[in-house]
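Here's entry_28.csv, which has CSV, C-alpha atoms:
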chain,number,residue,atom,x,y,z
N,1,MET,CA,67.7,160.7,265.8
N,2,PHE,CA,66.2,163.8,267.2
N,3,SER,CA,62.8,165.2,267.0
N,4,VAL,CA,61.8,168.8,267.7
N,5,VAL,CA,59.4,168.3,270.6
N,6,PHE,CA,57.3,171.2,271.8
N,7,LEU,CA,56.0,170.1,275.1
N,8,LEU,CA,53.7,172.8,276.4
N,9,ALA,CA,55.4,173.5,279.7
N,10,LEU,CA,53.6,175.8,282.1
N,11,LEU,CA,50.2,174.1,282.3
N,12,ALA,CA,49.0,170.6,282.0
N,13,PHE,CA,45.7,170.2,280.3
N,14,SER,CA,43.6,167.0,279.9
N,15,VAL,CA,40.4,166.4,278.0
N,16,THR,CA,37.5,166.7,280.5
N,17,GLY,CA,34.2,164.9,280.7
N,18,SER,CA,32.8,167.7,278.5
N,19,PRO,CA,31.8,166.4,275.1
N,20,VAL,CA,34.1,166.8,272.1
N,21,GLU,CA,32.4,169.1,269.6
N,22,VAL,CA,32.5,168.4,265.9
N,23,ARG,CA,31.1,171.2,263.7
N,24,ASN,CA,31.8,172.8,260.3
N,25,SER,CA,34.7,170.3,259.7
N,26,THR,CA,36.5,171.3,262.9
N,27,ILE,CA,37.0,169.2,266.0
N,28,ILE,CA,37.1,171.0,269.3
N,29,LEU,CA,38.6,169.4,272.4
N,30,PRO,CA,38.0,171.1,275.8
N,31,MET,CA,40.9,170.9,278.1
N,32,THR,CA,41.5,171.3,281.8
N,33,ARG,CA,44.6,172.9,283.4
N,34,ARG,CA,46.3,171.5,286.4
N,35,LEU,CA,49.3,173.0,288.1
N,36,ALA,CA,51.8,170.3,288.6
N,37,PHE,CA,55.0,172.1,289.6
N,38,SER,CA,55.9,172.3,293.3
N,39,ASN,CA,58.2,175.3,293.2
N,40,VAL,CA,59.8,177.8,290.9
N,41,THR,CA,63.0,175.7,290.6
N,42,ASP,CA,61.0,173.1,288.7
N,43,LEU,CA,59.4,175.6,286.5
N,44,LEU,CA,62.5,177.5,285.6
N,45,ARG,CA,64.5,174.3,285.2
N,46,HIS,CA,62.0,173.2,282.5
N,47,ASP,CA,62.2,176.4,280.6
N,48,GLU,CA,65.9,176.6,280.9
N,49,ALA,CA,66.3,173.1,279.5
N,50,ARG,CA,64.4,174.1,276.4
N,51,LEU,CA,66.2,177.4,276.0
N,52,ALA,CA,69.6,175.6,276.4
N,53,ALA,CA,68.6,173.6,273.3
N,54,PHE,CA,67.5,176.7,271.5
N,55,ARG,CA,70.8,178.3,272.2
N,56,GLU,CA,72.8,175.3,271.1
N,57,TYR,CA,70.8,175.1,267.9
N,58,SER,CA,71.3,178.8,267.3
N,59,THR,CA,75.0,178.5,267.2
N,60,ARG,CA,74.6,176.8,263.8
N,61,GLY,CA,73.7,180.2,262.4
N,62,ARG,CA,71.2,181.0,259.7
N,63,ARG,CA,70.1,178.5,257.2
N,64,ASP,CA,67.5,178.4,254.4
N,65,ALA,CA,64.1,177.4,255.7
N,66,ASP,CA,64.1,174.4,253.4
N,67,SER,CA,67.2,172.9,254.9
N,68,PRO,CA,66.5,169.9,257.1
N,69,PRO,CA,67.0,170.6,260.8
N,70,TYR,CA,69.3,168.0,262.3
N,71,PRO,CA,70.2,169.5,265.7
N,72,THR,CA,72.8,167.7,267.8
N,73,VAL,CA,70.4,168.1,270.8
N,74,PRO,CA,66.6,168.1,270.8
N,75,LEU,CA,64.9,171.4,270.8
N,76,SER,CA,62.9,170.3,273.8
N,77,GLN,CA,65.2,169.2,276.7
N,78,ALA,CA,62.5,169.3,279.3
N,79,ASP,CA,62.4,166.3,281.5
N,80,LEU,CA,59.6,164.2,280.1
N,81,GLY,CA,59.7,162.1,283.2
N,82,ASN,CA,58.5,165.2,285.0
N,83,THR,CA,55.6,165.7,282.6
N,84,MET,CA,54.5,168.3,285.2
N,85,LEU,CA,53.3,170.8,282.6
N,86,GLY,CA,51.9,169.7,279.3
N,87,TYR,CA,48.8,169.2,277.4
N,88,THR,CA,47.5,165.6,277.7
N,89,VAL,CA,44.7,163.9,276.0
N,90,ARG,CA,43.4,160.4,276.5
N,91,VAL,CA,43.1,158.3,273.4
N,92,ALA,CA,42.2,154.7,272.8
N,93,ILE,CA,44.5,152.7,270.4
N,94,GLY,CA,43.9,149.3,268.8
N,95,ARG,CA,41.5,146.5,269.2
N,96,PRO,CA,40.7,145.8,272.0
N,97,PRO,CA,41.1,149.5,272.7
N,98,THR,CA,43.7,150.5,275.3
N,99,ASN,CA,43.6,154.0,276.8
N,100,TYR,CA,46.8,156.1,276.8
N,101,ASP,CA,47.4,159.5,278.2
N,102,LEU,CA,49.5,161.3,275.6
N,103,ILE,CA,51.3,164.6,275.8
N,104,ILE,CA,50.1,166.9,273.0
N,105,ASP,CA,53.2,167.9,271.1
N,106,SER,CA,52.7,171.0,268.9
N,107,ALA,CA,55.9,170.7,267.0
N,108,SER,CA,56.5,167.0,266.4
N,109,ALA,CA,55.0,164.8,263.8
N,110,ILE,CA,55.5,161.7,265.8
N,111,THR,CA,52.8,160.0,267.9
N,112,TRP,CA,54.2,157.2,270.0
N,113,ILE,CA,53.1,155.1,273.0
N,114,GLY,CA,54.5,152.5,275.4
N,115,ALA,CA,56.3,154.4,278.0
N,116,VAL,CA,54.0,153.3,280.8
N,117,ARG,CA,51.2,151.2,279.5
N,118,PRO,CA,52.3,148.4,277.1
N,119,TYR,CA,50.9,148.1,273.6
N,120,PHE,CA,48.7,145.2,272.7
N,121,SER,CA,46.4,145.1,269.7
N,122,PHE,CA,45.0,142.6,267.3
N,123,SER,CA,44.5,145.3,264.7
N,124,GLY,CA,48.0,146.7,264.7
N,125,VAL,CA,50.4,146.2,261.8
N,126,ASN,CA,54.1,146.2,262.4
N,127,THR,CA,56.0,148.1,259.6
N,128,ASN,CA,59.4,147.0,260.9
N,129,VAL,CA,60.7,150.5,260.5
N,130,PRO,CA,62.8,151.5,263.6
N,131,VAL,CA,62.1,154.9,265.3
N,132,ALA,CA,64.3,156.7,267.8
N,133,VAL,CA,63.8,160.0,269.6
N,134,ASP,CA,66.3,161.4,272.1
N,135,TYR,CA,65.7,164.1,274.7
N,136,LEU,CA,68.3,165.5,277.2
N,137,TYR,CA,66.6,163.7,280.1
N,138,GLY,CA,65.1,160.7,278.4
N,139,SER,CA,64.6,158.8,275.2
N,140,PHE,CA,62.6,156.2,273.4
N,141,GLN,CA,63.4,153.6,270.8
N,142,GLY,CA,61.0,151.4,269.1
N,143,THR,CA,59.2,150.4,265.9
N,144,MET,CA,56.6,152.1,263.7
N,145,TRP,CA,53.2,150.4,263.6
N,146,GLN,CA,49.9,151.2,262.0
N,147,ASP,CA,46.8,151.1,264.1
N,148,ASP,CA,43.5,152.9,264.8
N,149,ILE,CA,43.3,155.8,267.3
N,150,THR,CA,40.0,156.8,268.8
N,151,PHE,CA,39.5,160.1,270.6
N,152,PRO,CA,36.9,161.1,273.2
N,153,GLU,CA,33.3,160.9,271.9
N,154,GLY,CA,34.2,158.5,269.2
N,155,PHE,CA,36.0,160.3,266.3
N,156,SER,CA,38.9,158.2,265.1
N,157,ILE,CA,41.8,157.9,262.8
N,158,SER,CA,42.3,154.6,260.9
N,159,ARG,CA,45.8,153.2,260.1
N,160,MET,CA,47.6,155.9,262.0
N,161,GLN,CA,51.4,155.6,262.0
N,162,ILE,CA,52.5,155.3,265.7
N,163,GLY,CA,55.7,154.5,267.3
N,164,VAL,CA,55.7,151.7,269.8
N,165,ALA,CA,58.5,152.0,272.3
N,166,SER,CA,60.7,149.0,273.1
N,167,ALA,CA,63.1,151.0,275.2
N,168,VAL,CA,62.2,154.1,277.2
N,169,GLN,CA,64.4,156.2,279.6
N,170,GLY,CA,63.3,158.9,281.9
N,171,ILE,CA,59.7,159.3,280.5
N,172,ALA,CA,56.7,158.7,282.7
N,173,ALA,CA,53.9,159.6,280.4
N,174,ASP,CA,52.3,157.0,278.1
N,175,GLY,CA,53.8,158.8,275.1
N,176,VAL,CA,53.3,161.8,272.8
N,177,LEU,CA,50.5,162.8,270.3
N,178,GLY,CA,52.3,164.7,267.5
N,179,ILE,CA,50.3,167.6,266.0
N,180,GLY,CA,53.2,169.7,264.8
N,181,PRO,CA,54.6,170.5,261.3
N,182,THR,CA,55.0,167.3,259.2
N,183,SER,CA,58.6,168.2,258.5
N,184,SER,CA,59.4,168.1,262.2
N,185,GLY,CA,59.3,164.3,262.1
N,186,ARG,CA,62.2,164.2,259.7
N,187,GLY,CA,65.2,162.4,261.2
N,188,ALA,CA,63.3,160.2,263.6
N,189,LEU,CA,63.5,157.1,261.4
N,190,PRO,CA,67.2,156.0,261.3
N,191,SER,CA,66.8,153.9,258.2
N,192,LEU,CA,64.8,156.6,256.4
N,193,PRO,CA,66.4,159.9,257.6
N,194,ASN,CA,64.5,162.1,255.1
N,195,GLN,CA,61.1,160.4,255.6
N,196,MET,CA,58.3,162.6,256.9
N,197,ILE,CA,55.7,161.1,259.2
N,198,PRO,CA,52.1,162.1,258.9
N,199,THR,CA,50.7,163.9,261.9
N,200,VAL,CA,47.4,163.4,263.5
N,201,ILE,CA,46.3,166.6,261.7
N,202,ASP,CA,47.5,165.2,258.4
N,203,ARG,CA,45.5,162.0,258.8
N,204,LEU,CA,42.4,163.9,259.9
N,205,VAL,CA,42.6,165.8,256.6
N,206,GLU,CA,43.2,162.7,254.6
N,207,GLN,CA,40.2,161.0,256.1
N,208,GLU,CA,38.1,164.2,255.5
N,209,ALA,CA,37.3,164.6,259.2
N,210,ILE,CA,38.7,168.1,258.9
N,211,ARG,CA,39.3,170.3,255.8
N,212,ARG,CA,42.6,171.9,256.6
N,213,PRO,CA,45.8,171.2,258.6
N,214,VAL,CA,45.1,174.0,261.1
N,215,VAL,CA,45.2,174.0,264.9
N,216,GLY,CA,43.6,176.8,267.0
N,217,ILE,CA,44.6,177.1,270.6
N,218,PHE,CA,42.8,179.0,273.3
N,219,PHE,CA,44.0,179.7,276.9
N,220,LYS,CA,42.3,181.6,279.7
N,221,PRO,CA,44.8,183.3,282.1
N,222,THR,CA,45.8,181.0,284.9
N,223,VAL,CA,44.8,182.1,288.4
N,224,ALA,CA,44.1,178.8,290.3
N,225,ASN,CA,45.1,175.2,290.6
N,226,GLN,CA,42.2,173.7,288.6
N,227,ASP,CA,40.4,175.4,285.8
N,228,ASN,CA,38.6,174.5,282.6
N,229,ASN,CA,40.6,177.0,280.7
N,230,GLY,CA,41.9,175.5,277.5
N,231,GLU,CA,40.6,174.4,274.1
N,232,LEU,CA,42.2,172.8,271.1
N,233,CYS,CA,40.5,173.1,267.8
N,234,PHE,CA,41.6,170.7,264.9
N,235,GLY,CA,40.8,171.9,261.4
N,236,GLY,CA,40.3,175.6,261.9
N,237,THR,CA,39.4,178.1,264.6
N,238,ASN,CA,36.5,178.6,267.0
N,239,PRO,CA,35.2,182.1,266.5
N,240,ARG,CA,33.4,182.0,269.8
N,241,LYS,CA,36.8,182.2,271.5
N,242,TYR,CA,38.2,185.3,270.0
N,243,ILE,CA,37.2,188.9,268.9
N,244,GLY,CA,37.4,190.0,265.3
N,245,ARG,CA,39.5,188.0,263.0
N,246,PRO,CA,43.0,186.4,263.5
N,247,LYS,CA,45.8,188.4,262.0
N,248,TYR,CA,48.3,186.2,260.2
N,249,THR,CA,52.1,186.4,259.7
N,250,ASP,CA,54.3,184.1,257.6
N,251,ILE,CA,56.7,181.7,259.2
N,252,THR,CA,60.1,183.3,259.3
N,253,ILE,CA,62.8,182.1,256.8
N,254,THR,CA,65.6,182.6,259.4
N,255,GLY,CA,66.8,179.4,261.1
N,256,PRO,CA,66.5,178.0,263.6
N,257,SER,CA,63.2,179.8,264.2
N,258,ALA,CA,62.1,178.8,260.7
N,259,PHE,CA,62.1,175.1,261.7
N,260,LEU,CA,59.7,175.7,264.5
N,261,TRP,CA,56.7,178.0,264.9
N,262,GLY,CA,58.9,181.0,264.2
N,263,ILE,CA,57.9,184.5,263.3
N,264,ASN,CA,59.5,188.0,262.9
N,265,GLN,CA,58.5,190.8,265.2
N,266,TRP,CA,59.8,193.9,266.9
N,267,ILE,CA,58.9,195.1,270.4
N,268,ARG,CA,58.4,198.5,271.9
N,269,TYR,CA,57.8,199.7,275.4
N,270,ALA,CA,56.5,203.2,275.9
N,271,ASN,CA,58.6,205.2,273.3
N,272,MET,CA,61.5,202.8,273.3
N,273,VAL,CA,62.2,200.0,270.8
N,274,ILE,CA,63.6,197.3,273.1
N,275,LEU,CA,64.0,194.7,270.4
N,276,GLY,CA,64.4,195.5,266.7
N,277,HIS,CA,62.9,193.4,263.9
N,278,SER,CA,64.1,189.9,264.7
N,279,PRO,CA,63.1,186.2,264.3
N,280,GLY,CA,62.0,184.2,267.3
N,281,ILE,CA,59.6,181.5,268.4
N,282,VAL,CA,56.0,181.1,269.5
N,283,ASP,CA,56.2,178.4,272.1
N,284,SER,CA,53.7,177.6,274.8
N,285,GLY,CA,56.2,175.0,276.0
N,286,CYS,CA,58.0,177.9,277.7
N,287,THR,CA,56.2,179.6,280.6
N,288,PHE,CA,57.6,183.1,280.4
N,289,LEU,CA,58.3,185.7,277.8
N,290,TYR,CA,62.0,185.5,276.9
N,291,LEU,CA,64.0,188.2,275.2
N,292,SER,CA,67.6,188.4,273.9
N,293,ILE,CA,69.9,189.6,276.7
N,294,ASP,CA,70.2,193.2,275.3
N,295,ALA,CA,66.4,193.5,274.9
N,296,TYR,CA,65.9,192.1,278.4
N,297,GLU,CA,68.3,194.7,279.8
N,298,ARG,CA,66.5,197.5,278.1
N,299,TYR,CA,63.2,196.2,279.5
N,300,ARG,CA,64.7,195.8,283.0
N,301,ALA,CA,66.0,199.4,282.9
N,302,VAL,CA,62.8,201.1,281.8
N,303,THR,CA,60.6,199.1,284.2
N,304,GLY,CA,63.0,199.5,287.2
N,305,GLY,CA,62.8,195.8,288.0
N,306,THR,CA,65.4,194.2,290.3
N,307,LEU,CA,66.3,190.6,290.2
N,308,ASN,CA,64.8,188.5,293.0
N,309,PRO,CA,67.5,186.0,294.1
N,310,GLU,CA,64.9,183.5,295.3
N,311,ASN,CA,63.1,183.0,292.0
N,312,GLY,CA,65.2,184.7,289.3
N,313,LEU,CA,62.4,187.0,288.3
N,314,LEU,CA,62.4,190.8,288.1
N,315,GLN,CA,60.5,192.3,291.0
N,316,ILE,CA,58.8,195.7,291.1
N,317,SER,CA,57.0,197.7,293.7
N,318,LEU,CA,53.3,198.6,293.5
N,319,GLU,CA,54.2,202.1,292.6
N,320,GLN,CA,56.3,200.8,289.7
N,321,TYR,CA,53.5,198.5,288.6
N,322,ASN,CA,51.1,201.4,288.5
N,323,GLN,CA,53.5,203.1,286.1
N,324,LEU,CA,53.9,200.2,283.7
N,325,TYR,CA,53.1,200.8,280.0
N,326,ASP,CA,51.8,198.3,277.5
N,327,LEU,CA,54.4,196.0,276.0
N,328,GLU,CA,53.8,196.2,272.2
N,329,PHE,CA,54.6,193.4,269.8
N,330,HIS,CA,54.7,194.6,266.2
N,331,ILE,CA,54.1,191.7,263.9
N,332,ASP,CA,53.8,192.8,260.3
N,333,GLU,CA,51.5,195.7,260.3
N,334,ARG,CA,49.7,194.6,263.5
N,335,ILE,CA,50.3,195.5,267.1
N,336,PHE,CA,49.5,193.1,269.9
N,337,LYS,CA,49.8,194.5,273.4
N,338,LEU,CA,50.5,192.9,276.7
N,339,VAL,CA,48.8,195.2,279.2
N,340,PRO,CA,50.6,195.9,282.5
N,341,ASN,CA,48.7,193.1,284.3
N,342,ALA,CA,49.7,190.6,281.6
N,343,GLN,CA,53.3,191.4,282.3
N,344,ILE,CA,53.2,190.1,285.9
N,345,TRP,CA,53.0,186.7,287.5
N,346,PRO,CA,49.6,185.9,289.0
N,347,ARG,CA,49.8,187.0,292.6
N,348,SER,CA,47.4,184.3,293.6
N,349,LEU,CA,50.2,181.9,292.7
N,350,ASN,CA,53.1,183.7,294.3
N,351,HIS,CA,53.4,180.9,296.8
N,352,LYS,CA,54.5,178.7,293.9
N,353,ILE,CA,57.5,180.9,293.2
N,354,SER,CA,58.8,181.8,296.7
N,355,GLY,CA,57.0,185.1,296.8
N,356,GLY,CA,54.8,186.9,299.3
N,357,ASP,CA,51.1,187.5,298.8
N,358,ASN,CA,51.6,191.1,297.7
N,359,ASP,CA,54.9,190.8,295.8
N,360,ILE,CA,54.9,191.7,292.1
N,361,PHE,CA,57.1,189.8,289.7
N,362,LEU,CA,57.5,190.5,286.0
N,363,VAL,CA,57.2,187.6,283.6
N,364,VAL,CA,59.9,188.8,281.2
N,365,LYS,CA,63.2,186.8,281.3
N,366,SER,CA,66.5,186.8,279.5
N,367,LEU,CA,67.4,184.3,276.8
N,368,SER,CA,71.1,184.8,277.9
N,369,THR,CA,72.0,185.2,274.2
N,370,PRO,CA,72.3,188.4,272.2
N,371,THR,CA,70.0,189.6,269.3
N,372,GLY,CA,71.1,188.1,266.0
N,373,THR,CA,71.4,184.4,266.9
N,374,GLY,CA,68.3,183.3,265.0
N,375,VAL,CA,66.2,183.2,268.2
N,376,SER,CA,65.8,186.6,269.7
N,377,PHE,CA,62.6,186.0,271.6
N,378,VAL,CA,60.3,183.3,272.8
N,379,ASN,CA,56.7,184.3,273.1
N,380,GLY,CA,55.7,181.8,275.8
N,381,TYR,CA,52.6,180.9,277.6
N,382,VAL,CA,52.2,184.3,279.3
N,383,PHE,CA,51.9,185.8,275.8
N,384,LEU,CA,49.6,183.1,274.4
N,385,GLN,CA,47.1,183.2,277.2
N,386,ARG,CA,46.2,186.7,276.1
N,387,PHE,CA,45.6,185.9,272.4
N,388,TYR,CA,43.9,183.1,270.5
N,389,THR,CA,46.7,181.4,268.4
N,390,VAL,CA,46.4,179.7,265.1
N,391,PHE,CA,49.0,177.3,263.7
N,392,ASP,CA,48.4,176.9,260.0
N,393,SER,CA,50.7,174.3,258.5
N,394,GLU,CA,49.1,174.5,255.0
N,395,ARG,CA,49.8,178.2,254.5
N,396,HIS,CA,52.9,178.3,256.7
N,397,ARG,CA,51.7,181.0,258.9
N,398,ILE,CA,50.7,181.8,262.5
N,399,GLY,CA,47.7,183.9,263.4
N,400,PHE,CA,46.7,185.9,266.6
N,401,ALA,CA,43.4,187.3,267.7
N,402,GLN,CA,42.3,189.2,270.8
N,403,THR,CA,40.1,187.4,273.3
N,404,GLU,CA,37.9,188.6,276.1
N,405,TYR,CA,41.0,188.0,278.3
N,406,THR,CA,43.5,190.1,276.4
N,407,ARG,CA,43.1,193.1,278.6
N,408,VAL,CA,41.6,191.8,281.8
N,409,SER,CA,43.3,192.2,285.2
N,410,THR,CA,43.5,188.7,286.6
N,411,ASN,CA,47.0,188.7,287.9
Translate this structure into structure tokens?
Amino acid sequence: MFSVVFLLALLAFSVTGSPVEVRNSTIILPMTRRLAFSNVTDLLRHDEARLAAFREYSTRGRRDADSPPYPTVPLSQADLGNTMLGYTVRVAIGRPPTNYDLIIDSASAITWIGAVRPYFSFSGVNTNVPVAVDYLYGSFQGTMWQDDITFPEGFSISRMQIGVASAVQGIAADGVLGIGPTSSGRGALPSLPNQMIPTVIDRLVEQEAIRRPVVGIFFKPTVANQDNNGELCFGGTNPRKYIGRPKYTDITITGPSAFLWGINQWIRYANMVILGHSPGIVDSGCTFLYLSIDAYERYRAVTGGTLNPENGLLQISLEQYNQLYDLEFHIDERIFKLVPNAQIWPRSLNHKISGGDNDIFLVVKSLSTPTGTGVSFVNGYVFLQRFYTVFDSERHRIGFAQTEYTRVSTN
């Protein structure tokens, strides 16, 4: 069976030695980013694999948001064996506790282990329910168990349902920590195809460690190889990381975006609408900002960008950069703007994408599919690093708020 797996693809984060903060029924995990891709081919390959799955899924057309998503390919086809770019958190499972480094998966309900370190625990209970998850470049099969998970600084979840792998292919990480929508686990249990698997967030709510199934994510723009630049907040938001209040929009009802963290928006550049009101996805698993092919061509034309054959990105001159306008995302009645500097790749990292020190590359790329397929955009990491993002499963909505980095010129 297939699980929607949102592996966050540009940057790898791990919980640092900084203490986990628990306050006001929220749990805050500081994260550290590490760049783990060696060249632009790796980076684009990861994104393209995910987008290929989005495109295949989109050919199924529009469905009601309540229909179960059973794609023939997983919505994350990134090579998990590469695990170059993803959130990771170290957790201890079982008694005696064994440490596992798990990828934080923001769209899957399933937490599983055993890809690298074997599972051994005197406290585990085998449910004898088989579980299977397939990716394009890897897979795991195993059995669901119940056991205790302990996070840094001691907060824990008792009797958490976890998959224990008996067969793994192409996956080098210890496993996955599922914090996505509960419905995204549907289809992973072959004998119970409609069964939903409680996420870590669900269990934290049940055990009254947090009040609400909400996740707040904060990024600081990436400019170097190592940075303490991320934070994950379970149970709510951290107001110290954003300005004003988050502005919320409902999850779209148009599939396949409706099955993910999907919203409706339209996009304007200068006085031109480059993308009309359309559904799409908020996905920090993709590095770049992706637009339907017709919207991308409009953006390319108005910015004057030319395709660089070495890295597949649009390149502009310094003069063209100085003439860029804000890229406006109209979400409900709110406008979220990517300033010109937010529309370019960090020049300090040009060596990672086959660029010269002073070259300027735009971070907008094409989905290679037209508007109207159900996924007309993907607001990837380059968008999310400029706004605090809130995934609210309880109220079926996503929120955005400005941060101190929304308008800074770091790139």
Next on the checklist: Would you compute the distance between CA of Gly124 (chain N) and CA of Arg159 (chain N)? Give it in Å to one decimal.
Outcome noted: 8.3 Å
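Here CA of Leu29 (chain N) stands at a distance of 24.8 Å from CA of Gly262 (chain N).
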Checklist entry - Of the candidates N:Lys365, N:Arg90, N:Lys220, N:His351, which shows the shortest atom-to-atom distance to Arg298 (chain N), using all atoms listed in the file? => result N:Lys365
Checklist entry - Using only C-alpha atoms, which residue out of N:Thr369, N:Ser191, N:Asn99, N:Ser257 lies closest to Tyr296 (chain N)? => result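 Smallest distance to Tyr296 (chain N) is found for N:Thr369.
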Next on the checklist: Taking 5 positions as the minimum chain separation for residues in the same chain, which residues sit within 12 Å of region 344-350 of chain N when counting all atoms listed in the file? Answer as an MDAnalysis selection string.
Outcome noted: chainID N and resid 35 37:40 221:225 287:289 303 305 310:311 313:318 320:322 324 326:327 338:339 355:365 381:383 409:411
Any chance you could export the current selection's C-alpha atoms as a compact mmCIF listing (two decimals), keeping the file's coordinate frame?
# COMPACT_ATOMS: atom_id res chain seq x y z
CA LEU N 35 49.30 173.00 288.10
CA PHE N 37 55.00 172.10 289.60
CA SER N 38 55.90 172.30 293.30
CA ASN N 39 58.20 175.30 293.20
CA VAL N 40 59.80 177.80 290.90
CA PRO N 221 44.80 183.30 282.10
CA THR N 222 45.80 181.00 284.90
CA VAL N 223 44.80 182.10 288.40
CA ALA N 224 44.10 178.80 290.30
CA ASN N 225 45.10 175.20 290.60
CA THR N 287 56.20 179.60 280.60
CA PHE N 288 57.60 183.10 280.40
CA LEU N 289 58.30 185.70 277.80
CA THR N 303 60.60 199.10 284.20
CA GLY N 305 62.80 195.80 288.00
CA GLU N 310 64.90 183.50 295.30
CA ASN N 311 63.10 183.00 292.00
CA LEU N 313 62.40 187.00 288.30
CA LEU N 314 62.40 190.80 288.10
CA GLN N 315 60.50 192.30 291.00
CA ILE N 316 58.80 195.70 291.10
CA SER N 317 57.00 197.70 293.70
CA LEU N 318 53.30 198.60 293.50
CA GLN N 320 56.30 200.80 289.70
CA TYR N 321 53.50 198.50 288.60
CA ASN N 322 51.10 201.40 288.50
CA LEU N 324 53.90 200.20 283.70
CA ASP N 326 51.80 198.30 277.50
CA LEU N 327 54.40 196.00 276.00
CA LEU N 338 50.50 192.90 276.70
CA VAL N 339 48.80 195.20 279.20
CA GLY N 355 57.00 185.10 296.80
CA GLY N 356 54.80 186.90 299.30
CA ASP N 357 51.10 187.50 298.80
CA ASN N 358 51.60 191.10 297.70
CA ASP N 359 54.90 190.80 295.80
CA ILE N 360 54.90 191.70 292.10
CA PHE N 361 57.10 189.80 289.70
CA LEU N 362 57.50 190.50 286.00
CA VAL N 363 57.20 187.60 283.60
CA VAL N 364 59.90 188.80 281.20
CA LYS N 365 63.20 186.80 281.30
CA TYR N 381 52.60 180.90 277.60
CA VAL N 382 52.20 184.30 279.30
CA PHE N 383 51.90 185.80 275.80
CA SER N 409 43.30 192.20 285.20
CA THR N 410 43.50 188.70 286.60
CA ASN N 411 47.00 188.70 287.90
Checklist entry - How many Å separate CA of Gly142 (chain N) from CA of Ile110 (chain N)? => result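 Separation of CA of Gly142 (chain N) and CA of Ile110 (chain N): 12.1 Å.
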Next on the checklist: I'd like to know which of N:Gly230, N:Gly244, N:Gly304, N:Pro198 is closest to Ser184 (chain N), using only C-alpha atoms.
Outcome noted: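 Among N:Gly230, N:Gly244, N:Gly304, N:Pro198, it is N:Pro198 that comes nearest to Ser184 (chain N).
Residue nearest Arg386 (chain N), chosen from N:Ala401, N:Val214, N:Val176, N:Val91 and counting all atoms listed in the file: N:Ala401.
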Next on the checklist: I want to know what sits within 6 Å of Val378 (chain N), based on all atoms listed in the file, with residues of the same chain fewer than 2 positions away left out; could you give that as a ChimeraX atom specification?
Outcome noted: /N:280-282,289-290,380
Keeping C-alpha atoms, export the residues of the selection given above as a compact mmCIF listing (two decimals), in the frame of the given file.
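Once everything was written out, this is again-v1.txt:
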# COMPACT_ATOMS: atom_id res chain seq x y z
CA GLY N 280 62.00 184.20 267.30
CA ILE N 281 59.60 181.50 268.40
CA VAL N 282 56.00 181.10 269.50
CA LEU N 289 58.30 185.70 277.80
CA TYR N 290 62.00 185.50 276.90
CA GLY N 380 55.70 181.80 275.80
Checklist entry - Which of these residues is nearest to Thr182 (chain N), using all atoms listed in the file: N:Glu394, N:Ser278, N:Ala270, N:Thr127? => result N:Glu394
Next on the checklist: Ranking N:Val408, N:Ala209, N:Ile293, N:Ile353 by minimum distance to Ser368 (chain N) and counting only C-alpha atoms, which one comes first?
Outcome noted: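 Comparing N:Val408, N:Ala209, N:Ile293, N:Ile353 against Ser368 (chain N), the winner is N:Ile293.
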Item to check | Answer as a list in words, residues within 9 Å of (62.8, 154.8, 273.8) using all atoms listed in the file | outcome: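 Protein, DNA and RNA residues close to (62.8, 154.8, 273.8): Gly114, Ala115, Val131, Ala132, Val133, Asp134, Gly138, Ser139, Phe140, Gln141, Gly142, Val164, Ala165, Ser166, Ala167, Val168, Gln169 and Ile171 of chain N.
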Expected file contents, prior selection, C-alpha atoms, as a PDB file, in the frame of the given file:
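The result, written out as result-v1.pdb:
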ATOM      1  CA  GLY N 114      54.500 152.500 275.400  1.00  0.00           C
ATOM      2  CA  ALA N 115      56.300 154.400 278.000  1.00  0.00           C
ATOM      3  CA  VAL N 131      62.100 154.900 265.300  1.00  0.00           C
ATOM      4  CA  ALA N 132      64.300 156.700 267.800  1.00  0.00           C
ATOM      5  CA  VAL N 133      63.800 160.000 269.600  1.00  0.00           C
ATOM      6  CA  ASP N 134      66.300 161.400 272.100  1.00  0.00           C
ATOM      7  CA  GLY N 138      65.100 160.700 278.400  1.00  0.00           C
ATOM      8  CA  SER N 139      64.600 158.800 275.200  1.00  0.00           C
ATOM      9  CA  PHE N 140      62.600 156.200 273.400  1.00  0.00           C
ATOM     10  CA  GLN N 141      63.400 153.600 270.800  1.00  0.00           C
ATOM     11  CA  GLY N 142      61.000 151.400 269.100  1.00  0.00           C
ATOM     12  CA  VAL N 164      55.700 151.700 269.800  1.00  0.00           C
ATOM     13  CA  ALA N 165      58.500 152.000 272.300  1.00  0.00           C
ATOM     14  CA  SER N 166      60.700 149.000 273.100  1.00  0.00           C
ATOM     15  CA  ALA N 167      63.100 151.000 275.200  1.00  0.00           C
ATOM     16  CA  VAL N 168      62.200 154.100 277.200  1.00  0.00           C
ATOM     17  CA  GLN N 169      64.400 156.200 279.600  1.00  0.00           C
ATOM     18  CA  ILE N 171      59.700 159.300 280.500  1.00  0.00           C
TER      19      ILE N 171
END
Checklist entry - Ile331 (chain N): which residues within 12 Å, counting all atoms listed in the file, same-chain residues fewer than 5 positions away excluded, as a PyMOL selection string? => result chain N and resi 247-252+262-268+276-280+336-337+398-400
Item to check | Residue neighbourhood Phe151 (chain N), 12 Å, all atoms listed in the file, exclusion window fewer than 4 positions, as a list of chain:residue names | outcome: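 Result of the neighbour search: N:Val15, N:Pro19, N:Val20, N:Glu21, N:Val22, N:Ile27, N:Ile28, N:Leu29, N:Val89, N:Arg90, N:Val91, N:Ala92, N:Ile93, N:Gly94, N:Pro97, N:Thr98, N:Asn99, N:Tyr100, N:Asp101, N:Leu102, N:Phe155, N:Ser156, N:Ile157, N:Ser158, N:Leu177, N:Val200, N:Leu204.
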